[in-house]
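**Q** Okay, so here is start.cif, and as you'll see once you scroll down, it has mmCIF, C-alpha atoms and all ligand atoms.
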```cif
data_model
#
loop_
_atom_site.label_atom_id
_atom_site.label_comp_id
_atom_site.auth_asym_id
_atom_site.auth_seq_id
_atom_site.Cartn_x
_atom_site.Cartn_y
_atom_site.Cartn_z
CA MET P 1 7.91 22.49 -3.27
CA TYR P 2 5.22 20.97 -1.07
CA ASP P 3 5.51 19.32 2.33
CA HIS P 4 4.54 15.68 1.87
CA ARG P 5 3.56 15.31 5.54
CA LYS P 6 0.66 17.73 5.06
CA LEU P 7 -0.22 17.14 1.41
CA GLY P 8 0.19 13.35 1.67
CA ARG P 9 -2.51 13.25 4.32
CA GLU P 10 -4.81 15.60 2.38
CA LEU P 11 -4.47 13.42 -0.71
CA GLY P 12 -5.31 10.28 1.24
CA ILE P 13 -1.86 8.78 0.59
CA PHE P 14 -0.90 7.87 4.16
CA ASP P 15 -1.53 8.67 7.79
CA THR P 16 -0.30 7.69 11.23
CA ASP P 17 -1.89 6.70 14.49
CA PRO P 18 -0.22 6.99 17.88
CA LEU P 19 -1.49 3.52 18.70
CA MET P 20 0.37 2.00 15.76
CA GLY P 21 3.38 3.99 16.85
CA ALA P 22 5.74 6.72 15.75
CA GLY P 23 7.50 6.10 12.46
CA LEU P 24 4.99 3.46 11.44
CA PRO P 25 2.76 5.15 8.85
CA TYR P 26 -0.01 3.22 7.12
CA TRP P 27 -0.99 3.55 3.47
CA LEU P 28 -4.49 4.72 2.57
CA PRO P 29 -6.19 3.51 -0.65
CA ALA P 30 -4.81 6.32 -2.88
CA GLY P 31 -1.32 5.75 -1.46
CA ALA P 32 -1.61 2.01 -1.89
CA ILE P 33 -2.38 2.56 -5.59
CA VAL P 34 0.65 4.82 -6.07
CA ARG P 35 2.87 2.37 -4.22
CA HIS P 36 1.51 -0.63 -6.10
CA THR P 37 2.02 1.14 -9.45
CA LEU P 38 5.60 2.01 -8.51
CA GLU P 39 6.26 -1.56 -7.43
CA GLU P 40 4.91 -2.86 -10.75
CA TYR P 41 7.14 -0.42 -12.61
CA VAL P 42 10.21 -1.49 -10.64
CA ARG P 43 9.52 -5.21 -11.02
CA GLU P 44 8.91 -4.83 -14.72
CA SER P 45 12.14 -2.90 -15.34
CA GLU P 46 14.07 -5.38 -13.22
CA ARG P 47 12.60 -8.36 -15.10
CA ARG P 48 13.56 -6.77 -18.42
CA ALA P 49 17.08 -6.17 -17.07
CA GLY P 50 17.51 -9.84 -16.17
CA TYR P 51 16.80 -9.78 -12.43
CA GLN P 52 15.07 -12.65 -10.65
CA HIS P 53 12.73 -11.84 -7.79
CA VAL P 54 12.69 -13.56 -4.43
CA TYR P 55 10.93 -13.14 -1.10
CA SER P 56 12.74 -13.54 2.19
CA PRO P 57 11.67 -13.11 5.83
CA VAL P 58 11.98 -9.79 7.65
CA LEU P 59 13.48 -11.55 10.66
CA GLY P 60 16.72 -13.41 11.08
CA LYS P 61 18.83 -14.93 13.79
CA ARG P 62 21.22 -12.57 15.53
CA GLU P 63 24.07 -14.76 14.31
CA LEU P 64 23.22 -13.90 10.69
CA TYR P 65 23.93 -10.22 11.35
CA GLU P 66 27.01 -11.05 13.36
CA ILE P 67 28.39 -12.77 10.26
CA SER P 68 27.39 -9.92 7.91
CA GLY P 69 28.94 -7.32 10.23
CA HIS P 70 25.68 -5.45 10.90
CA TRP P 71 25.70 -6.54 14.56
CA SER P 72 29.08 -4.96 15.25
CA HIS P 73 28.77 -1.95 12.92
CA TYR P 74 25.10 -1.11 12.69
CA GLN P 75 23.63 -2.25 15.98
CA GLU P 76 22.53 1.17 17.21
CA ASP P 77 20.18 1.42 14.22
CA MET P 78 18.71 -2.03 14.84
CA PHE P 79 15.75 -3.02 16.99
CA PRO P 80 16.75 -4.95 20.10
CA PRO P 81 16.72 -8.74 19.66
CA MET P 82 13.73 -10.85 20.70
CA ASP P 83 14.33 -13.95 22.80
CA LEU P 84 12.60 -16.95 21.34
CA GLY P 85 13.07 -20.48 22.66
CA GLY P 86 16.68 -19.95 23.67
CA GLU P 87 17.77 -18.07 20.57
CA GLN P 88 17.67 -14.44 19.58
CA VAL P 89 15.96 -13.16 16.46
CA VAL P 90 16.10 -9.60 15.16
CA LEU P 91 14.15 -7.50 12.69
CA ARG P 92 16.47 -7.20 9.75
CA PRO P 93 18.32 -3.92 9.17
CA SER P 94 19.00 -4.83 5.51
CA LEU P 95 18.28 -7.53 2.95
CA CYS P 96 21.87 -8.31 1.97
CA PRO P 97 22.49 -11.18 4.43
CA HIS P 98 19.32 -12.98 3.31
CA HIS P 99 20.28 -12.66 -0.34
CA ALA P 100 23.80 -13.90 0.39
CA LEU P 101 22.25 -17.03 1.95
CA ILE P 102 19.90 -17.46 -1.00
CA TYR P 103 22.92 -17.32 -3.33
CA ARG P 104 24.76 -19.80 -1.12
CA SER P 105 21.85 -22.26 -1.08
CA ARG P 106 22.73 -23.48 -4.60
CA SER P 107 26.05 -24.08 -6.29
CA HIS P 108 26.80 -21.70 -9.13
CA SER P 109 28.86 -22.00 -12.28
CA TYR P 110 30.63 -19.00 -13.84
CA ARG P 111 28.12 -19.36 -16.67
CA GLU P 112 25.29 -18.24 -14.36
CA LEU P 113 26.98 -14.97 -13.50
CA PRO P 114 26.02 -12.20 -13.22
CA LEU P 115 23.21 -13.52 -11.02
CA ARG P 116 20.82 -10.73 -10.12
CA ILE P 117 18.52 -11.25 -7.12
CA ALA P 118 15.89 -8.63 -6.41
CA GLU P 119 13.28 -8.14 -3.72
CA LEU P 120 10.89 -5.43 -2.64
CA GLY P 121 11.07 -6.28 1.01
CA GLY P 122 10.69 -4.96 4.52
CA MET P 123 13.52 -3.85 6.77
CA TYR P 124 13.55 -2.02 10.08
CA ARG P 125 15.45 0.83 11.61
CA ALA P 126 15.29 1.89 15.25
CA GLU P 127 15.10 5.63 14.54
CA LEU P 128 14.64 7.78 17.64
CA SER P 129 11.09 9.12 17.97
CA GLY P 130 12.30 12.74 17.93
CA VAL P 131 13.35 12.56 14.26
CA LEU P 132 10.31 10.70 12.94
CA GLY P 133 7.78 12.30 10.65
CA GLY P 134 5.74 11.51 7.58
CA LEU P 135 7.18 8.97 5.18
CA THR P 136 10.82 10.08 5.17
CA ARG P 137 12.02 8.93 8.59
CA VAL P 138 10.30 5.67 9.41
CA ARG P 139 10.97 2.57 11.44
CA ALA P 140 9.47 0.10 8.96
CA ILE P 141 10.87 0.42 5.44
CA GLN P 142 9.91 -1.25 2.17
CA LEU P 143 13.11 -1.33 0.16
CA ASN P 144 13.50 -1.82 -3.57
CA ASP P 145 16.66 -3.84 -3.21
CA ALA P 146 18.82 -6.12 -5.34
CA HIS P 147 22.15 -7.85 -5.16
CA ILE P 148 24.16 -8.81 -8.20
CA PHE P 149 26.62 -11.64 -7.69
CA CYS P 150 29.29 -11.40 -10.37
CA THR P 151 32.97 -11.66 -11.22
CA VAL P 152 35.30 -8.69 -10.64
CA GLU P 153 35.45 -8.24 -14.42
CA GLN P 154 31.65 -7.88 -14.58
CA VAL P 155 31.31 -5.29 -11.81
CA ALA P 156 31.70 -2.11 -13.88
CA GLN P 157 29.23 -3.30 -16.50
CA GLU P 158 26.64 -4.36 -13.89
CA ALA P 159 27.01 -1.25 -11.74
CA GLY P 160 26.78 0.90 -14.89
CA ALA P 161 23.61 -0.90 -15.99
CA ALA P 162 22.16 -0.35 -12.51
CA LEU P 163 22.91 3.37 -12.77
CA ASP P 164 21.14 3.41 -16.15
CA LEU P 165 18.05 1.79 -14.59
CA ILE P 166 18.05 4.52 -11.94
CA LEU P 167 18.33 7.34 -14.50
CA ARG P 168 15.54 5.84 -16.60
CA ALA P 169 13.29 5.53 -13.55
CA TYR P 170 13.95 9.15 -12.58
CA ASP P 171 12.96 10.19 -16.07
CA ALA P 172 9.66 8.28 -15.88
CA LEU P 173 8.94 9.60 -12.39
CA GLY P 174 9.94 13.20 -12.97
CA ILE P 175 12.68 13.10 -10.33
CA VAL P 176 15.71 15.38 -10.67
CA PRO P 177 18.56 14.52 -8.30
CA VAL P 178 20.41 17.37 -6.60
CA ARG P 179 23.73 15.56 -6.62
CA TYR P 180 25.56 12.36 -7.47
CA GLN P 181 27.91 11.38 -4.71
CA LEU P 182 30.79 8.94 -4.52
CA SER P 183 30.60 7.93 -0.87
CA LEU P 184 34.00 6.96 0.50
CA PRO P 185 35.30 5.88 3.89
CA GLY P 186 36.43 8.62 6.24
CA PRO P 187 38.43 9.06 9.43
CA GLY P 188 36.96 8.12 12.79
CA LYS P 189 34.65 5.40 11.50
CA LYS P 190 35.09 1.67 11.41
CA TYR P 191 34.99 -0.24 8.16
CA LEU P 192 35.28 -3.92 7.41
CA GLY P 193 37.36 -5.63 4.75
CA ASP P 194 40.85 -5.24 3.41
CA PRO P 195 42.11 -1.85 2.16
CA GLN P 196 43.11 -3.23 -1.22
CA ALA P 197 39.55 -4.46 -1.87
CA TRP P 198 38.26 -0.99 -0.89
CA ARG P 199 40.64 0.64 -3.38
CA ARG P 200 39.56 -1.74 -6.15
CA ALA P 201 35.85 -1.16 -5.37
CA THR P 202 36.39 2.61 -5.43
CA GLU P 203 38.21 2.45 -8.79
CA LEU P 204 35.36 0.44 -10.26
CA LEU P 205 32.74 2.97 -9.10
CA ILE P 206 34.81 5.86 -10.48
CA GLU P 207 34.96 4.02 -13.81
CA VAL P 208 31.15 3.69 -13.78
CA LEU P 209 30.61 7.37 -12.91
CA ASP P 210 33.10 8.61 -15.50
CA LYS P 211 31.55 6.44 -18.20
CA SER P 212 28.01 7.58 -17.35
CA GLY P 213 28.97 11.22 -17.84
CA VAL P 214 27.21 12.51 -14.70
CA ASP P 215 28.88 15.14 -12.54
CA TYR P 216 29.65 13.85 -9.09
CA GLU P 217 31.32 14.82 -5.85
CA SER P 218 33.25 12.62 -3.45
CA ALA P 219 32.14 12.54 0.18
CA GLU P 220 34.36 11.08 2.86
CA GLY P 221 32.78 9.19 5.74
CA GLU P 222 29.63 8.33 3.78
CA ALA P 223 30.54 4.79 2.65
CA ALA P 224 28.71 1.70 3.92
CA PHE P 225 30.73 -0.22 6.51
CA TYR P 226 31.38 -2.94 3.92
CA GLY P 227 32.19 -0.86 0.85
CA PRO P 228 32.08 2.43 -1.09
CA LYS P 229 28.95 3.49 -2.98
CA ILE P 230 27.40 5.82 -5.49
CA ASP P 231 24.59 7.73 -3.78
CA ILE P 232 21.99 9.69 -5.67
CA GLN P 233 20.83 12.58 -3.56
CA ILE P 234 17.46 14.32 -3.56
CA ALA P 235 16.28 17.30 -1.51
CA ASP P 236 13.00 17.70 0.38
CA SER P 237 10.74 20.74 0.65
CA LEU P 238 13.04 22.24 3.30
CA GLY P 239 16.13 21.67 1.18
CA ARG P 240 17.35 18.80 3.33
CA GLU P 241 19.29 16.22 1.36
CA SER P 242 18.89 12.48 1.55
CA THR P 243 19.91 9.47 -0.49
CA LEU P 244 17.22 7.94 -2.67
CA SER P 245 19.11 5.46 -4.86
CA THR P 246 22.43 3.74 -4.47
CA VAL P 247 24.94 1.44 -6.18
CA GLN P 248 27.52 -0.24 -3.98
CA VAL P 249 30.44 -2.58 -4.58
CA ASP P 250 31.11 -5.08 -1.83
CA PHE P 251 34.02 -7.51 -1.56
CA HIS P 252 33.40 -8.02 2.15
CA GLN P 253 30.10 -9.86 2.57
CA PRO P 254 30.95 -12.54 -0.06
CA GLU P 255 34.02 -13.23 2.09
CA GLN P 256 32.01 -13.32 5.32
CA PHE P 257 29.44 -15.71 3.90
CA ASP P 258 32.09 -17.76 2.07
CA LEU P 259 30.31 -17.40 -1.27
CA HIS P 260 31.80 -18.94 -4.36
CA TYR P 261 31.20 -20.03 -7.91
CA ILE P 262 32.89 -22.68 -10.01
CA ASP P 263 35.08 -21.08 -12.65
CA SER P 264 35.80 -22.43 -16.17
CA ASP P 265 38.95 -24.14 -14.85
CA ALA P 266 36.81 -25.98 -12.23
CA THR P 267 38.29 -23.99 -9.33
CA LYS P 268 36.25 -22.19 -6.68
CA LYS P 269 36.24 -18.41 -6.99
CA ARG P 270 34.78 -15.64 -4.86
CA PRO P 271 32.04 -13.49 -6.48
CA VAL P 272 31.62 -9.76 -5.81
CA MET P 273 28.28 -8.38 -4.55
CA VAL P 274 26.90 -5.24 -6.19
CA HIS P 275 24.13 -3.83 -3.99
CA ARG P 276 21.75 -1.48 -5.74
CA SER P 277 18.42 0.22 -5.29
CA ILE P 278 16.61 1.97 -8.13
CA ILE P 279 14.06 4.04 -6.21
CA GLY P 280 15.24 3.36 -2.66
CA SER P 281 12.46 2.85 -0.17
CA LEU P 282 8.84 3.10 -1.29
CA GLU P 283 8.23 5.47 1.63
CA ARG P 284 10.92 7.95 0.67
CA ALA P 285 10.18 7.66 -3.05
CA VAL P 286 6.47 8.42 -2.58
CA ALA P 287 7.22 11.26 -0.13
CA HIS P 288 9.48 12.80 -2.75
CA LEU P 289 6.98 12.29 -5.58
CA ILE P 290 4.29 14.07 -3.53
CA GLU P 291 6.62 17.02 -2.94
CA VAL P 292 7.86 17.21 -6.53
CA HIS P 293 4.46 16.93 -8.19
CA GLY P 294 2.33 18.58 -5.52
CA GLY P 295 -0.18 15.76 -5.89
CA ALA P 296 -0.42 16.09 -9.69
CA PHE P 297 1.37 12.82 -10.41
CA PRO P 298 2.21 11.75 -13.98
CA ALA P 299 -0.97 10.14 -15.33
CA TRP P 300 0.40 6.58 -15.08
CA LEU P 301 0.96 7.05 -11.32
CA ALA P 302 -2.18 9.03 -10.47
CA PRO P 303 -4.48 7.28 -7.95
CA VAL P 304 -7.47 8.37 -10.08
CA GLN P 305 -6.73 8.93 -13.75
CA VAL P 306 -10.17 9.86 -15.03
CA ALA P 307 -12.86 11.75 -13.05
CA VAL P 308 -16.31 11.67 -14.61
CA PHE P 309 -18.93 14.33 -13.78
CA PRO P 310 -22.55 13.69 -14.83
CA LEU P 311 -24.39 17.02 -15.19
CA SER P 312 -27.71 15.69 -13.88
CA ASP P 313 -29.28 12.49 -12.57
CA ALA P 314 -30.15 11.55 -16.14
CA GLU P 315 -26.44 11.23 -16.99
CA VAL P 316 -25.41 9.11 -14.02
CA ALA P 317 -26.00 5.85 -15.92
CA PRO P 318 -23.98 6.92 -19.01
CA ALA P 319 -21.26 8.25 -16.68
CA ASN P 320 -21.10 4.88 -14.93
CA ALA P 321 -20.96 3.16 -18.31
CA PHE P 322 -17.97 5.32 -19.34
CA VAL P 323 -16.20 4.53 -16.06
CA ARG P 324 -16.81 0.83 -16.74
CA GLN P 325 -15.13 1.21 -20.15
CA CYS P 326 -12.19 3.02 -18.54
CA LEU P 327 -11.80 0.22 -15.98
CA ASP P 328 -11.94 -2.38 -18.77
CA ARG P 329 -9.12 -0.49 -20.51
CA GLY P 330 -7.07 -0.79 -17.31
CA LEU P 331 -7.56 2.87 -16.32
CA ARG P 332 -8.47 4.08 -12.84
CA ALA P 333 -11.70 6.08 -13.12
CA GLU P 334 -14.52 7.20 -10.87
CA VAL P 335 -17.84 9.03 -11.09
CA VAL P 336 -18.16 12.14 -8.93
CA VAL P 337 -21.78 13.19 -8.31
CA GLU P 338 -21.73 15.29 -5.14
CA GLY P 339 -21.57 19.09 -5.36
CA SER P 340 -21.75 21.71 -8.08
CA LEU P 341 -19.76 21.11 -11.26
CA GLY P 342 -17.27 23.84 -10.24
CA ALA P 343 -16.74 22.25 -6.82
CA ARG P 344 -16.26 18.82 -8.38
CA VAL P 345 -13.72 20.13 -10.90
CA ARG P 346 -11.80 21.87 -8.06
CA ALA P 347 -11.86 18.75 -5.89
CA ALA P 348 -10.51 16.70 -8.81
CA ARG P 349 -7.78 19.24 -9.72
CA HIS P 350 -5.04 16.61 -9.40
CA VAL P 351 -6.86 14.11 -11.63
CA PRO P 352 -5.20 14.23 -15.06
CA TYR P 353 -8.32 13.64 -17.17
CA GLN P 354 -11.84 14.87 -16.48
CA ALA P 355 -15.01 14.21 -18.43
CA VAL P 356 -18.25 16.14 -18.10
CA ILE P 357 -21.23 14.09 -19.25
CA GLY P 358 -24.22 16.19 -20.28
CA ALA P 359 -27.24 15.36 -22.44
CA ARG P 360 -25.22 15.86 -25.65
CA GLU P 361 -22.39 13.52 -24.58
CA ALA P 362 -24.90 10.94 -23.33
CA THR P 363 -26.68 10.74 -26.68
CA SER P 364 -23.68 11.14 -29.02
CA ASP P 365 -21.39 8.62 -27.24
CA SER P 366 -18.59 11.17 -27.40
CA ILE P 367 -16.60 13.02 -24.77
CA ALA P 368 -14.84 16.40 -24.65
CA LEU P 369 -11.99 15.83 -22.20
CA ARG P 370 -10.71 18.49 -19.83
CA LEU P 371 -7.12 18.21 -18.70
CA ARG P 372 -6.07 19.16 -15.18
CA ASP P 373 -3.88 21.97 -16.55
CA GLY P 374 -7.05 23.69 -17.81
CA ARG P 375 -6.83 22.69 -21.48
CA ARG P 376 -9.92 21.32 -23.20
CA LEU P 377 -9.97 18.90 -26.09
CA ASP P 378 -12.56 18.67 -28.86
CA ALA P 379 -15.25 16.04 -28.44
CA LEU P 380 -14.09 12.59 -29.55
CA PRO P 381 -15.83 9.21 -29.78
CA VAL P 382 -15.48 7.28 -26.52
CA ASN P 383 -13.16 4.63 -27.96
CA GLU P 384 -10.79 7.34 -29.22
CA VAL P 385 -10.79 8.98 -25.80
CA LEU P 386 -9.90 5.64 -24.23
CA SER P 387 -7.02 5.04 -26.65
CA LEU P 388 -5.73 8.59 -26.19
CA ILE P 389 -5.55 8.25 -22.39
CA GLY P 390 -4.45 4.62 -22.52
CA ALA P 391 -1.54 5.44 -24.85
CA GLN P 392 -0.18 8.14 -22.52
CA VAL P 393 -0.53 5.90 -19.47
CA ASP P 394 1.03 2.87 -21.17
CA ALA P 395 3.98 4.99 -22.34
CA ARG P 396 4.39 6.36 -18.78
CA SER P 397 4.48 9.74 -20.44
CA HIS P 398 4.70 13.05 -18.60
CA LEU P 399 2.47 14.62 -21.22
CA LEU P 400 -1.29 14.32 -20.78
CA VAL P 401 -1.73 14.29 -24.56
CA GLN P 402 0.60 14.02 -27.53
CA GLU P 403 1.38 17.59 -28.43
CA GLU P 404 -0.29 17.42 -31.87
CA GLU P 405 -3.61 16.52 -30.24
CA VAL P 406 -4.13 19.96 -28.69
ZN ZN A 1 22.62 -4.93 0.24
#
```
Would you mind writing the file out in structure tokens?
**A**
Amino acid sequence: MYDHRKLGRELGIFDTDPLMGAGLPYWLPAGAIVRHTLEEYVRESERRAGYQHVYSPVLGKRELYEISGHWSHYQEDMFPPMDLGGEQVVLRPSLCPHHALIYRSRSHSYRELPLRIAELGGMYRAELSGVLGGLTRVRAIQLNDAHIFCTVEQVAQEAGAALDLILRAYDALGIVPVRYQLSLPGPGKKYLGDPQAWRRATELLIEVLDKSGVDYESAEGEAAFYGPKIDIQIADSLGRESTLSTVQVDFHQPEQFDLHYIDSDATKKRPVMVHRSIIGSLERAVAHLIEVHGGAFPAWLAPVQVAVFPLSDAEVAPANAFVRQCLDRGLRAEVVVEGSLGARVRAARHVPYQAVIGAREATSDSIALRLRDGRRLDALPVNEVLSLIGAQVDARSHLLVQEEEV
């Protein structure tokens, strides 16, 4: 495995500057493309799964987090409050309280449930500077978050569907978890909510795990302060484990925010909140993808998908024309002119598709693709080359070509 802190900088994914501050990396153009592509993937799968997207501010009044319980149970991880005109505002440590308020802003009938609210939004964590590095321990986090407001009877189905979304995403991204964990409360820590609700939430998560067929281990002391969770663990290049994705069942925050829906008998009932994240934070997800793929991302995620090398000045114009066609097809392509052909091929070793344009290609309007794994394809008309690459990218395939094409 690779170390994303080194390789991520070499690939132009991210960097840091002491003046911006520790734990506050910025995204370079290649990293912004990977992140944007991931965000599009997440939003698309959420839309298909019936989620509605919202945006909410990254700040909130201190009182909001007092109600949610973050102020009493999570304060050491939060930035200190800012005094503003007699009130205190804080950078949010999670999105849940905002989504609870968004739910509460409208009345809801049982017919609207499950109501799934999703947001790719910022949150902040006051990590100590000693533990910061790269994209894995950061103070500003972009979280792929969602909260499902539903009845108790709907929890297992919704949490199970969320787990399916996670497994499908891992498949598309080439991520293999090291462990599935049922994170339970443990001794010596403080938790909020009544013990019976905790037992019910735990039973529901066990039901989801058993039904999904994944092997899992229970871990005491790893629950959130408001409820138990399923954590999907990955390991970094040094073998250190961290949680990427999570599914949590929460009876506590709906109580705190006095959430309700109108049931079929016209009475007010309390919904349950299922918190879930498919790929966790964009920072941690991209760090992991760099380490897993060593920079050779699946073609659909690659910052540059097609590198085009004109052999001489005479082929620069046809090379530019091919790049134009790639861009029109929605592919990310660029012409590389500097250096010997060998040097250009080496520099583009992470680019999934490479095209050398010589005199023959320029006059025949055909291209013999090279793949980054060293394979070479027979020359094909340009439009066939575009559909071949486009089909693999659209399918978010791990294969650079359909096997019968080589
Ligand atoms: Zn949440």
**Q** Tell me, as a PDB file with C-alpha atoms, in the frame of the given file, which residues lie within 10 Å of P:Ala368, counting all atoms listed in the file; anything in the same chain fewer than 6 positions away does not count.
**A**
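Output below, filename around-v9.pdb:
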```pdb
ATOM      1  CA  GLN P 354     -11.840  14.870 -16.480  1.00  0.00           C
ATOM      2  CA  ALA P 355     -15.010  14.210 -18.430  1.00  0.00           C
ATOM      3  CA  VAL P 356     -18.250  16.140 -18.100  1.00  0.00           C
ATOM      4  CA  ILE P 357     -21.230  14.090 -19.250  1.00  0.00           C
ATOM      5  CA  GLU P 361     -22.390  13.520 -24.580  1.00  0.00           C
ATOM      6  CA  ARG P 376      -9.920  21.320 -23.200  1.00  0.00           C
ATOM      7  CA  LEU P 377      -9.970  18.900 -26.090  1.00  0.00           C
ATOM      8  CA  ASP P 378     -12.560  18.670 -28.860  1.00  0.00           C
ATOM      9  CA  ALA P 379     -15.250  16.040 -28.440  1.00  0.00           C
ATOM     10  CA  LEU P 380     -14.090  12.590 -29.550  1.00  0.00           C
ATOM     11  CA  PRO P 381     -15.830   9.210 -29.780  1.00  0.00           C
ATOM     12  CA  VAL P 382     -15.480   7.280 -26.520  1.00  0.00           C
ATOM     13  CA  VAL P 385     -10.790   8.980 -25.800  1.00  0.00           C
TER      14      VAL P 385
END
```
**Q** Per residue of chain P within 10 Å of ligand ZN 1 (chain A), note the shortest atom pair and the distance in Å to one decimal, counting all atoms listed in the file, and order the rows by chain and increasing residue number, as CSV.
**A**
```
residue,atom,partner,partner_atom,distance
P:Pro93,CA,A:ZN1,ZN,10.0
P:Ser94,CA,A:ZN1,ZN,6.4
P:Leu95,CA,A:ZN1,ZN,5.7
P:Cys96,CA,A:ZN1,ZN,3.9
P:Pro97,CA,A:ZN1,ZN,7.5
P:His98,CA,A:ZN1,ZN,9.2
P:His99,CA,A:ZN1,ZN,8.1
P:Ala100,CA,A:ZN1,ZN,9.0
P:Asp145,CA,A:ZN1,ZN,7.0
P:Ala146,CA,A:ZN1,ZN,6.9
P:His147,CA,A:ZN1,ZN,6.2
P:Ile148,CA,A:ZN1,ZN,9.4
P:Ala224,CA,A:ZN1,ZN,9.7
P:Tyr226,CA,A:ZN1,ZN,9.7
P:Thr246,CA,A:ZN1,ZN,9.9
P:Val247,CA,A:ZN1,ZN,9.3
P:Gln248,CA,A:ZN1,ZN,8.0
P:Val249,CA,A:ZN1,ZN,9.5
P:Asp250,CA,A:ZN1,ZN,8.7
P:Gln253,CA,A:ZN1,ZN,9.3
P:Met273,CA,A:ZN1,ZN,8.2
P:Val274,CA,A:ZN1,ZN,7.7
P:His275,CA,A:ZN1,ZN,4.6
P:Arg276,CA,A:ZN1,ZN,7.0
P:Ser277,CA,A:ZN1,ZN,8.6
```
**Q** At what distance in Å, to one decimal, does atom CA of P:Val155 lie from atom CA of P:Trp198?
**A**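 Those two atoms sit 13.6 Å apart.
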**Q** To one decimal in Å, tell me the separation between atom CA of P:Ala333 and atom CA of P:Asp394.
**A**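 Interatomic distance, atom CA of P:Ala333 to atom CA of P:Asp394: 15.4 Å.
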**Q** Write out as a compact mmCIF listing (two decimals) with C-alpha atoms, in the coordinates of the input each polymer residue whose atoms come within 8 Å of P:Arg139, counting only C-alpha atoms; drop sequence neighbours fewer than 3 positions from it.
**A**
```
# COMPACT_ATOMS: atom_id res chain seq x y z
CA ALA P 22 5.74 6.72 15.75
CA GLY P 23 7.50 6.10 12.46
CA LEU P 24 4.99 3.46 11.44
CA TYR P 124 13.55 -2.02 10.08
CA ARG P 125 15.45 0.83 11.61
CA ALA P 126 15.29 1.89 15.25
CA GLU P 127 15.10 5.63 14.54
```
**Q** Just give me the residues with any atom within 7 Å of (12.9, -9.0, -8.0), file coordinates, counting all atoms listed in the file, written as a ChimeraX atom specification.
**A** /P:43,46,51-54,117-120
**Q** Rounded to one decimal place, report the atom CA of P:Glu283-atom CA of P:Gly60 distance in Å.
**A**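 According to the coordinates, atom CA of P:Glu283 and atom CA of P:Gly60 are separated by 22.8 Å.
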**Q** Between P:Ala391, P:Thr151, P:Val90, P:Glu39, which residue has the minimum interatomic distance to P:Leu64, considering all atoms listed in the file?
**A**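 So, comparing all the options, the nearest one is P:Val90.
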**Q** I need the residue nearest P:Ala359 from this list: P:Ala156, P:Leu132, P:Leu311, P:Ala49. Use all atoms listed in the file for the distance.
**A**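 So, comparing all the options, the nearest one is P:Leu311.
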**Q** Centre and edge lengths, as lines of an AutoDock Vina configuration file, for the axis-aligned box enclosing every listed atom of stretch 297-316 of chain P with 5 Å of padding on each of the six sides, in Å to one decimal?
**A**
```
center_x = -14.0
center_y = 11.8
center_z = -12.5
size_x = 42.4
size_y = 20.4
size_z = 19.0
```
**Q** Please list as number ranges by chain every residue within 6 Å of stretch 176-193 of chain P, counting only C-alpha atoms and excluding residues in the same chain fewer than 5 positions away.
**A** P: 216-223, 225-226, 228-234, 252
**Q** Rank P:His260, P:Arg9, P:Arg137, P:His398 by their smallest atom-to-atom distance to P:Arg104, using only C-alpha atoms, and report the top residue only.
**A**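 That would be P:His260, the residue with the smallest distance to P:Arg104.
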**Q** Could you tell me which of P:Leu282, P:Ala287, P:Leu259, P:Ala162 comes closest to P:Arg5 if we count all atoms listed in the file?
**A**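 Closest to P:Arg5 of all the choices is P:Ala287.
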**Q** Counting all atoms listed in the file, which residue out of P:Val89, P:Val34, P:Leu173, P:Ala362 sits closest to P:Leu11?
**A**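 Nearest to P:Leu11: P:Val34.
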